[in-house]
Amino acid sequence: EREQRQLNVMLDGGVKDDSLVQQRNYRYARLLWEFWKRDVDLFPNEILVRRSGLATKPHAILFVFDGSMEEIPDGEEETKFYRDIIAMTREKGYQYPQVVLTRIDRVEETLLREAAEAGEDPELKLLQALDRKIEGVVERLGISRASVHFTENYHSGTSNTSEGRNVSVDYHALKILTQCCSSADAFVAQSLHGGPRQSVCSIQ
């Protein structure tokens, strides 16, 4: 309930930019009315805006998971939680929530090692593994394949390999940003004109 209440406050545009959203674990003694509030309603006043609207609402929703995990989300309870959260966002008009799976470089390293030991094609093995991860997320969360993205950590060093991988990270980050912008355009259009519309925003 606490996490859903947190999200609800953000989706309603009630939180200032660059704020950490969490409930206070105490009540102000001088404000007697606070003693009748539920725990989930105790938000610090400094993060809240006085008047919410389209300008204060988030325009795109992005969920980030550790892509190196075997199961995403992790278990039935966590899957139900995120399905409920995604259903809540759609009720609020966010028809295209995005999912990003990070740390895919760890998956790649493990698969390359296993493929070398088994004498298998490493690129094929990686593509198959990533496809299974995408299908798993799509099935568990009820979202489209186009809404699932991969990324990895930046890698330090000056070798060609490190530089090449960092360019790859930049490319995937740009693709994620582009899709989020498209989702934001669709949300704004729906809010202003009352109808869902997927933006034509794209990268060249």
# chains A, B, ... in the order shown; residues from 1 in each chain; ligands from 1
>>> residues_around(residues="Thr102 of chain A", least_positions_apart="3", cutoff="10 Å", atoms="only C-alpha atoms", output="list in words")
Val64, Phe65, Asp66, Gly67, Ser68, Met69, Val99, Asp105, Arg106, Val107, His149, Phe150, Thr151, Glu152 and Asn153 of chain A
>>> select_by_dssp(residues="segment 6-154 of chain A", states="strand (DSSP E)", output="ChimeraX atom specification")
/A:62-66,98-102,148-150
>>> write_last_selection(atoms="C-alpha atoms", output="mmCIF file, in the first residue's frame")
data_model
loop_
_atom_site.group_PDB
_atom_site.id
_atom_site.type_symbol
_atom_site.label_atom_id
_atom_site.label_comp_id
_atom_site.auth_asym_id
_atom_site.auth_seq_id
_atom_site.Cartn_x
_atom_site.Cartn_y
_atom_site.Cartn_z
ATOM 1 C CA LEU A 62 10.040 3.864 -16.850
ATOM 2 C CA PHE A 63 10.637 0.696 -14.801
ATOM 3 C CA VAL A 64 14.250 -0.439 -14.339
ATOM 4 C CA PHE A 65 15.157 -4.038 -13.461
ATOM 5 C CA ASP A 66 18.449 -5.872 -13.005
ATOM 6 C CA GLN A 98 8.671 1.292 -20.626
ATOM 7 C CA VAL A 99 10.895 -1.368 -19.068
ATOM 8 C CA VAL A 100 14.707 -1.252 -19.051
ATOM 9 C CA LEU A 101 16.843 -4.260 -18.201
ATOM 10 C CA THR A 102 20.279 -3.175 -17.005
ATOM 11 C CA VAL A 148 11.318 -3.650 -23.290
ATOM 12 C CA HIS A 149 14.888 -2.335 -23.653
ATOM 13 C CA PHE A 150 18.415 -3.429 -22.725
#
>>> closest_residue(among="A:Leu11, A:Leu174, A:Leu111, A:Ala116", to="Ile85 of chain A", atoms="only C-alpha atoms")
A:Leu11
>>> closest_residue(among="A:Ala129, A:Met88, A:Leu54, A:Cys181", to="Gln6 of chain A", atoms="only C-alpha atoms")
A:Met88
>>> closest_residue(among="A:Lys125, A:Arg140, A:Arg103, A:Arg24", to="Glu78 of chain A", atoms="only C-alpha atoms")
A:Arg140
>>> select_by_dssp(residues="segment 18-195 of chain A", states="alpha helix (DSSP H)", output="MDAnalysis selection string")
chainID A and resid 76:91 104:118 122:141 160:193
>>> write_last_selection(atoms="C-alpha atoms", output="JSON list (two decimals), in the first residue's frame")
[["chain", "number", "residue", "atom", "x", "y", "z"],
["A", 76, "GLU", "CA", 5.00, -14.29, -8.15],
["A", 77, "GLU", "CA", 4.59, -11.68, -5.41],
["A", 78, "GLU", "CA", 6.86, -9.17, -7.10],
["A", 79, "THR", "CA", 5.26, -9.87, -10.48],
["A", 80, "LYS", "CA", 1.77, -9.21, -9.09],
["A", 81, "PHE", "CA", 3.01, -6.00, -7.48],
["A", 82, "TYR", "CA", 4.37, -4.62, -10.76],
["A", 83, "ARG", "CA", 1.33, -5.77, -12.75],
["A", 84, "ASP", "CA", -0.86, -3.85, -10.30],
["A", 85, "ILE", "CA", 1.40, -0.80, -10.60],
["A", 86, "ILE", "CA", 1.30, -0.92, -14.41],
["A", 87, "ALA", "CA", -2.50, -1.25, -14.30],
["A", 88, "MET", "CA", -2.59, 1.84, -12.08],
["A", 89, "THR", "CA", -0.43, 3.83, -14.49],
["A", 90, "ARG", "CA", -2.66, 2.89, -17.42],
["A", 91, "GLU", "CA", -5.72, 4.04, -15.50],
["A", 104, "ILE", "CA", 23.18, -7.06, -19.70],
["A", 105, "ASP", "CA", 26.98, -7.04, -20.00],
["A", 106, "ARG", "CA", 27.03, -9.51, -17.09],
["A", 107, "VAL", "CA", 24.67, -11.80, -18.98],
["A", 108, "GLU", "CA", 26.87, -11.51, -22.07],
["A", 109, "GLU", "CA", 30.05, -12.34, -20.16],
["A", 110, "THR", "CA", 28.49, -15.46, -18.62],
["A", 111, "LEU", "CA", 27.05, -16.68, -21.92],
["A", 112, "LEU", "CA", 30.28, -16.10, -23.83],
["A", 113, "ARG", "CA", 32.15, -18.20, -21.30],
["A", 114, "GLU", "CA", 29.54, -20.98, -21.44],
["A", 115, "ALA", "CA", 29.46, -20.93, -25.26],
["A", 116, "ALA", "CA", 33.26, -21.17, -25.46],
["A", 117, "GLU", "CA", 33.29, -24.17, -23.12],
["A", 118, "ALA", "CA", 30.50, -25.90, -25.07],
["A", 122, "PRO", "CA", 28.24, -17.15, -28.70],
["A", 123, "GLU", "CA", 26.24, -14.56, -30.66],
["A", 124, "LEU", "CA", 23.38, -16.99, -31.27],
["A", 125, "LYS", "CA", 23.40, -18.06, -27.63],
["A", 126, "LEU", "CA", 23.24, -14.43, -26.50],
["A", 127, "LEU", "CA", 20.38, -13.57, -28.88],
["A", 128, "GLN", "CA", 18.40, -16.57, -27.68],
["A", 129, "ALA", "CA", 18.97, -15.66, -24.03],
["A", 130, "LEU", "CA", 17.94, -12.03, -24.55],
["A", 131, "ASP", "CA", 14.85, -13.12, -26.47],
["A", 132, "ARG", "CA", 13.83, -15.38, -23.58],
["A", 133, "LYS", "CA", 14.28, -12.51, -21.13],
["A", 134, "ILE", "CA", 12.14, -10.21, -23.28],
["A", 135, "GLU", "CA", 9.40, -12.82, -23.66],
["A", 136, "GLY", "CA", 9.45, -13.46, -19.92],
["A", 137, "VAL", "CA", 9.00, -9.78, -19.08],
["A", 138, "VAL", "CA", 6.30, -9.36, -21.74],
["A", 139, "GLU", "CA", 4.36, -12.34, -20.44],
["A", 140, "ARG", "CA", 4.67, -11.49, -16.75],
["A", 141, "LEU", "CA", 3.97, -7.78, -16.98],
["A", 160, "ASN", "CA", 38.99, -0.23, -28.69],
["A", 161, "THR", "CA", 36.75, -2.76, -27.00],
["A", 162, "SER", "CA", 35.90, -0.45, -24.11],
["A", 163, "GLU", "CA", 35.29, 2.50, -26.40],
["A", 164, "GLY", "CA", 33.14, 0.39, -28.69],
["A", 165, "ARG", "CA", 31.04, -0.90, -25.84],
["A", 166, "ASN", "CA", 30.55, 2.63, -24.50],
["A", 167, "VAL", "CA", 29.29, 3.71, -27.93],
["A", 168, "SER", "CA", 26.87, 0.80, -27.76],
["A", 169, "VAL", "CA", 25.69, 1.99, -24.34],
["A", 170, "ASP", "CA", 25.15, 5.48, -25.75],
["A", 171, "TYR", "CA", 23.15, 4.08, -28.66],
["A", 172, "HIS", "CA", 20.85, 2.01, -26.46],
["A", 173, "ALA", "CA", 20.43, 4.90, -24.03],
["A", 174, "LEU", "CA", 19.39, 7.12, -26.94],
["A", 175, "LYS", "CA", 16.88, 4.51, -28.11],
["A", 176, "ILE", "CA", 15.39, 4.34, -24.62],
["A", 177, "LEU", "CA", 15.20, 8.13, -24.41],
["A", 178, "THR", "CA", 13.52, 8.27, -27.82],
["A", 179, "GLN", "CA", 10.88, 5.74, -26.80],
["A", 180, "CYS", "CA", 10.25, 7.59, -23.54],
["A", 181, "CYS", "CA", 9.80, 10.83, -25.49],
["A", 182, "SER", "CA", 7.29, 9.09, -27.75],
["A", 183, "SER", "CA", 5.41, 7.81, -24.71],
["A", 184, "ALA", "CA", 5.48, 11.30, -23.19],
["A", 185, "ASP", "CA", 4.11, 12.82, -26.40],
["A", 186, "ALA", "CA", 1.28, 10.28, -26.40],
["A", 187, "PHE", "CA", 0.44, 11.04, -22.76],
["A", 188, "VAL", "CA", 0.39, 14.79, -23.33],
["A", 189, "ALA", "CA", -1.74, 14.41, -26.46],
["A", 190, "GLN", "CA", -4.22, 12.22, -24.58],
["A", 191, "SER", "CA", -4.35, 14.67, -21.67],
["A", 192, "LEU", "CA", -4.95, 17.66, -23.95],
["A", 193, "HIS", "CA", -7.17, 16.13, -26.61]]
>>> decode(residues="segment 103-122 of chain A", atoms="C-alpha atoms", output="short mmCIF file (atom, residue, chain, number, x, y, z; two decimals), in the first residue's frame")
data_model
loop_
_atom_site.label_atom_id
_atom_site.label_comp_id
_atom_site.auth_asym_id
_atom_site.auth_seq_id
_atom_site.Cartn_x
_atom_site.Cartn_y
_atom_site.Cartn_z
CA ARG A 103 23.59 -5.03 -16.53
CA ILE A 104 23.18 -7.06 -19.70
CA ASP A 105 26.98 -7.04 -20.00
CA ARG A 106 27.03 -9.51 -17.09
CA VAL A 107 24.67 -11.80 -18.98
CA GLU A 108 26.87 -11.51 -22.07
CA GLU A 109 30.05 -12.34 -20.16
CA THR A 110 28.49 -15.46 -18.62
CA LEU A 111 27.05 -16.68 -21.92
CA LEU A 112 30.28 -16.10 -23.83
CA ARG A 113 32.15 -18.20 -21.30
CA GLU A 114 29.54 -20.98 -21.44
CA ALA A 115 29.46 -20.93 -25.26
CA ALA A 116 33.26 -21.17 -25.46
CA GLU A 117 33.29 -24.17 -23.12
CA ALA A 118 30.50 -25.90 -25.07
CA GLY A 119 31.81 -24.97 -28.51
CA GLU A 120 28.59 -23.10 -29.38
CA ASP A 121 27.99 -19.92 -31.36
CA PRO A 122 28.24 -17.15 -28.70
#
